[in-house]
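Asker: Handing you this structure, nothing more for now.
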Amino acid sequence: MNPQAITLSFMPDGTNMAGHSSNLISTFNNDPYLAGRWEQAILQAAQTWAEQTNINFIVVSDNGTPMGGGSNQEGDPGFGDIRIGGYNFGTSTIAWSYQPPPVNNTSLAGDIEINTGVPFNIGSTYDMFTVAAHEIGHALGLGESSSSTSSIMYPVYTGTKYRLSPDDIAGIQSIYGGPRAYDVYGGTNNSMSTAANIDSLINPTSLTGLANNLDIARPGQSEYFAVDVPAGVNAPMTVQVQSQGLSLLSPKVSVYEAGLLSALGLPLTLASASNPTQDGTTLDVTIPNTVAGQTYYIQVQGVNTTAIGTGNYALGVSFNPSVAPPVEASPIITYANGAIPQTGGGSAQQGNANGGLMGAPPNILGISPDTGFSSTDGITNVNRIKISGLAPAGETITIYGNNMEFGTTTADVNGNWTFNNTGVALSDGSYSITATATDSAGSVSPISLPFGVTIDTQTPAAPTINGAVGAVQFGNDGEIGWAPSLLGSSSPIIYGNAAPFSQVTIDQGSQIVGTTTADPSGHWNFTLPSGELLPYSLTNITATATDVAGSTSGNSQPLTLWYLPGIEGNASQSIANLSLAAGSVLGTNTDGSISVTPTTTISGTTTAFSEVAILEDGVVIGVAATNWAGQWSFNTPSLTQGRHRLTIADVGSLGQLGATVGMLNLVVGSQADKGD
């Protein structure tokens, strides 16, 4: 059986099932409890197997060919590899299925018959998910399991089961491999900071691109991609996520603009799409206005954290309004019926002593403590950890870190194992954790898929608060204040620097007033909440930074603010004569961007004795004052290698921001030579 694309179909009512007429659809659709739910329960059951191994299911239509007809054992264009139909058996049998080749080498292989005379339910006896998962297990090649009544493949219905047992998982992985493999990015592109750049996939002529053979391998996993608007393009961007024809993944796609933050300081979602009721679908989102060189982040994840939230997909992008994003062809392969047709029953592979199938590698689930932003990201600020996972019951698990043996442990009767490595302090750094399983006969499994672990015990440096926009200086001692009318709201924006992607917590005295996230360059902004201070009161604002490993810094130096109610004011005139210092400029690129040194001097003119704010991708990075002639200059913080888009805004007499003007498209380092 071709595991990359196993098709499923539901026989239309009236389909001939060895002399019986299928009535599956009408029976279940006319049941008020099952209507609208039974098909989803069956697809969830199929995907429960796919979640654990390297197979994908695809729903296709069924033309009603008599069961066992057709000329293909797999990939027939008229119906699915696994066809599901039913009628009233009139016996105690709940359902029946036919195993795949070589037991059956005709179109009958994998087909499932459900007894429509049984009173099925969802979540109680007889549970549709439990029965369907058992029969699909047979259709995939598994036999009955007598190892535990908790096994989906236990031959007798014993009640509702919501998940596969370790024995079930070991069995399916022994046939199809597993655990489910990550795609080419290895699951590492799980945040904006590690987003996979797909610029190289964009065709410069059609302005479209396709990233294919992608996979959400774990429930709750997100994959992030970064794409830059091509040079010379000022057009809508369409992003398309396709699982239709590839898997049962029910996806969700979100698009973010680099540096664009919400009022809470979080990445602002420009557009998103999902369809929780559709398994295997195509979603499109369009960003109407883009500018050459602007970076966008694309997040793809499952619509939920069930098995339907896993599976293969493709990501298409188009910057050409007349051309749709490209799609990936469905990998369905046709296999003709055997030259000597054979049908009938058969047994699954022989089990080992504890009933599980031999040879399956263990599954590494995670570490503890996992102190990162996600409890399953493998990032911790502790250097003494435990590693846990699943394997066939009773087998000896050998754990390796960066190909060096850490030690061994044993899977318990339920297949759970934990290796306690707290006796050894690991050095800060990255580790690839793998494992093997050895059974009672001494046979060693293949090595597991790697689980990435990052240990970072260092305390991050305290962030800096560099100033405030929406505040006005008064007196000769440098004190600043803010008024409820500034910025069209009642709050100023404070800005500063911290470790890239760290979470910055803002404190007002001993009270936390909010959090924000530093961008890839370490810049952060935060809009202070209003209404908490007494008129003309003094407050100290400080900040701490929590890095991706969960370690928190000390306090920043305080910013002292006065609260000045009832003050009004307007922004000053527009900025003119924006320029770069000659010593900063290294040259001009073909796309119009300017190559500069890491520390760049920006200058211009505007209203005398006023201020201007400098922003990178909409985030304030500094403020400069003008002299008697309206001249000002600003030395940027050291810019990282890559592209930087700076804009300037007037700061009015009371600190309010005017409109941004004069984008400077700057490039530091080797990207300047590529014009990207």
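Letters A, B, ... go to the chains of the structure tokens in the order shown; residues in each chain start at 1; ligands are counted from 1 in the same order.
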If we count only C-alpha atoms, what is near A:Ile648 at a cut-off of 6 Å, once residues fewer than 4 positions away on the same chain are taken out, given as a list in words?

Answerer: Ala613, Ile614, Thr660 and Val661 of chain A

Asker: As a list in words, please: the residues near A:Val585 (cut-off 7 Å, only C-alpha atoms, same-chain neighbours under 4 positions excluded).

Answerer: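 Surrounding residues, per the criterion: Ala581, Ile594, Ser595, Val596 and Thr597 of chain A.
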
Asker: For stretch 453-456 of chain A, work out the shell of residues within 8 Å, counting only C-alpha atoms and skipping chain neighbours fewer than 2 positions away, then give it as JSON, numbers by chain.

Answerer: {"A": [377, 378, 379, 380, 381, 382, 383, 426, 427, 428, 429, 430, 431, 432, 433, 451, 458, 549]}

Asker: From a DSSP calculation on the backbone, collect every residue of stretch 73-311 of chain A in alpha helix (DSSP H) and output the set as a ChimeraX atom specification.

Answerer: /A:128-139,166-176

Asker: I need the residues from that last selection saved to file as a PDB file, in the first residue's frame (with C-alpha atoms), if you can.

Answerer:
ATOM      1  CA  MET A 128     -18.342   5.107  16.237  1.00  0.00           C
ATOM      2  CA  PHE A 129     -14.739   6.307  16.677  1.00  0.00           C
ATOM      3  CA  THR A 130     -13.685   3.180  18.596  1.00  0.00           C
ATOM      4  CA  VAL A 131     -15.207   0.772  16.076  1.00  0.00           C
ATOM      5  CA  ALA A 132     -13.923   2.695  13.037  1.00  0.00           C
ATOM      6  CA  ALA A 133     -10.386   2.935  14.462  1.00  0.00           C
ATOM      7  CA  HIS A 134     -10.335  -0.857  15.016  1.00  0.00           C
ATOM      8  CA  GLU A 135     -11.493  -1.627  11.471  1.00  0.00           C
ATOM      9  CA  ILE A 136      -9.145   0.912   9.861  1.00  0.00           C
ATOM     10  CA  GLY A 137      -6.312  -0.726  11.808  1.00  0.00           C
ATOM     11  CA  HIS A 138      -7.199  -4.007  10.057  1.00  0.00           C
ATOM     12  CA  ALA A 139      -7.439  -2.193   6.707  1.00  0.00           C
ATOM     13  CA  PRO A 166       1.382   1.850  23.076  1.00  0.00           C
ATOM     14  CA  ASP A 167       0.792  -1.602  21.595  1.00  0.00           C
ATOM     15  CA  ASP A 168      -1.288  -0.099  18.767  1.00  0.00           C
ATOM     16  CA  ILE A 169       1.365   2.542  18.107  1.00  0.00           C
ATOM     17  CA  ALA A 170       4.190   0.009  18.065  1.00  0.00           C
ATOM     18  CA  GLY A 171       2.213  -2.156  15.661  1.00  0.00           C
ATOM     19  CA  ILE A 172       1.411   0.515  13.090  1.00  0.00           C
ATOM     20  CA  GLN A 173       4.958   1.923  13.240  1.00  0.00           C
ATOM     21  CA  SER A 174       6.426  -1.520  12.609  1.00  0.00           C
ATOM     22  CA  ILE A 175       4.607  -1.551   9.247  1.00  0.00           C
ATOM     23  CA  TYR A 176       4.822   2.063   8.066  1.00  0.00           C
TER      24      TYR A 176
END

Asker: Write out as a list in words which residues come within 9 Å of stretch 119-127 of chain A when counting only C-alpha atoms, dropping same-chain ones fewer than 5 positions away.

Answerer: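 The neighbour list is Phe28, Tyr33, Leu34, Arg37, Trp38, Ala41, Ile94, Ala132, Tyr157, Thr158, Gly159, Thr160, Lys161 and Tyr162 of chain A.
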
Asker: According to DSSP computed on the backbone, where in stretch 88-324 of chain A is there strand (DSSP E)? Give the residues as an NGL selection string.

Answerer: :A and (95-97 or 112-115 or 196-197 or 208-216 or 222-228 or 237-242 or 251-261 or 267-274 or 282-287 or 295-302 or 311-318)

Asker: Since we have the selection now, will you write its residues out, keeping C-alpha atoms, as a short mmCIF file (atom, residue, chain, number, x, y, z; two decimals), in the first residue's frame?

Answerer:
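Result saved to part_33.cif:
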data_model
loop_
_atom_site.label_atom_id
_atom_site.label_comp_id
_atom_site.auth_asym_id
_atom_site.auth_seq_id
_atom_site.Cartn_x
_atom_site.Cartn_y
_atom_site.Cartn_z
CA ALA A 95 -18.15 -4.39 11.65
CA TRP A 96 -15.83 -6.24 9.25
CA SER A 97 -12.80 -5.25 7.20
CA ILE A 112 -14.83 -1.86 5.55
CA GLU A 113 -18.40 -3.06 6.18
CA ILE A 114 -20.29 -1.51 9.12
CA ASN A 115 -23.38 -3.15 10.62
CA ALA A 196 12.08 29.28 7.15
CA ASN A 197 12.74 31.85 4.43
CA THR A 208 4.67 32.83 -7.60
CA GLY A 209 6.20 30.08 -5.51
CA LEU A 210 5.37 26.72 -3.94
CA ALA A 211 6.79 25.01 -0.86
CA ASN A 212 5.68 21.37 -1.07
CA ASN A 213 6.06 18.15 0.91
CA LEU A 214 5.40 20.01 4.16
CA ASP A 215 4.02 18.30 7.24
CA ILE A 216 2.44 19.13 10.58
CA SER A 222 3.16 25.48 14.16
CA GLU A 223 5.41 26.07 11.17
CA TYR A 224 6.55 29.61 10.33
CA PHE A 225 7.77 30.86 6.96
CA ALA A 226 9.25 34.25 6.04
CA VAL A 227 8.87 35.81 2.60
CA ASP A 228 10.07 39.19 1.30
CA MET A 237 0.06 38.97 -1.87
CA THR A 238 -2.05 35.80 -1.86
CA VAL A 239 -1.07 32.98 0.50
CA GLN A 240 -2.57 29.54 -0.04
CA VAL A 241 -2.39 26.51 2.26
CA GLN A 242 -3.39 23.24 0.57
CA PRO A 251 -5.25 23.72 8.63
CA LYS A 252 -5.21 27.28 9.90
CA VAL A 253 -3.08 29.97 8.25
CA SER A 254 -2.16 33.39 9.66
CA VAL A 255 -0.09 36.18 8.11
CA TYR A 256 1.92 38.78 10.04
CA GLU A 257 3.91 41.80 8.90
CA ALA A 258 7.42 42.03 10.36
CA GLY A 259 7.61 44.68 13.06
CA LEU A 260 3.87 45.39 13.10
CA LEU A 261 2.63 44.98 16.67
CA PRO A 267 2.55 40.43 16.53
CA LEU A 268 -0.52 41.80 14.74
CA THR A 269 -2.41 39.31 12.57
CA LEU A 270 -3.06 40.85 9.16
CA ALA A 271 -5.20 37.98 7.91
CA SER A 272 -6.09 34.41 8.85
CA ALA A 273 -8.29 31.58 7.60
CA SER A 274 -9.48 28.22 8.90
CA THR A 282 -7.50 24.71 0.51
CA LEU A 283 -7.39 28.07 2.30
CA ASP A 284 -6.51 31.46 0.81
CA VAL A 285 -5.73 34.79 2.45
CA THR A 286 -4.80 37.99 0.61
CA ILE A 287 -2.84 41.01 1.85
CA THR A 295 8.92 40.95 5.17
CA TYR A 296 5.86 38.85 6.03
CA TYR A 297 5.63 35.85 8.35
CA ILE A 298 3.24 33.00 7.52
CA GLN A 299 2.11 30.66 10.32
CA VAL A 300 0.59 27.27 9.43
CA GLN A 301 -0.89 25.02 12.12
CA GLY A 302 -3.72 22.59 12.66
CA GLY A 311 -0.80 15.84 8.04
CA ASN A 312 0.89 16.80 4.79
CA TYR A 313 0.28 20.17 3.15
CA ALA A 314 1.72 22.64 0.63
CA LEU A 315 2.21 26.41 0.85
CA GLY A 316 1.72 28.57 -2.24
CA VAL A 317 2.42 32.30 -2.57
CA SER A 318 1.60 34.72 -5.40
#

Asker: At what distance in Å, to one decimal, does atom CA of A:Ser593 lie from atom CA of A:Asn665?

Answerer: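 Between these atoms lies a distance of 4.9 Å.
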
Asker: Between A:Pro12, A:Pro463, A:Pro3, A:Gly630, which has the minimum distance to A:Thr605 (counting only C-alpha atoms)?

Answerer: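 Closest to A:Thr605, using only C-alpha atoms: A:Gly630.
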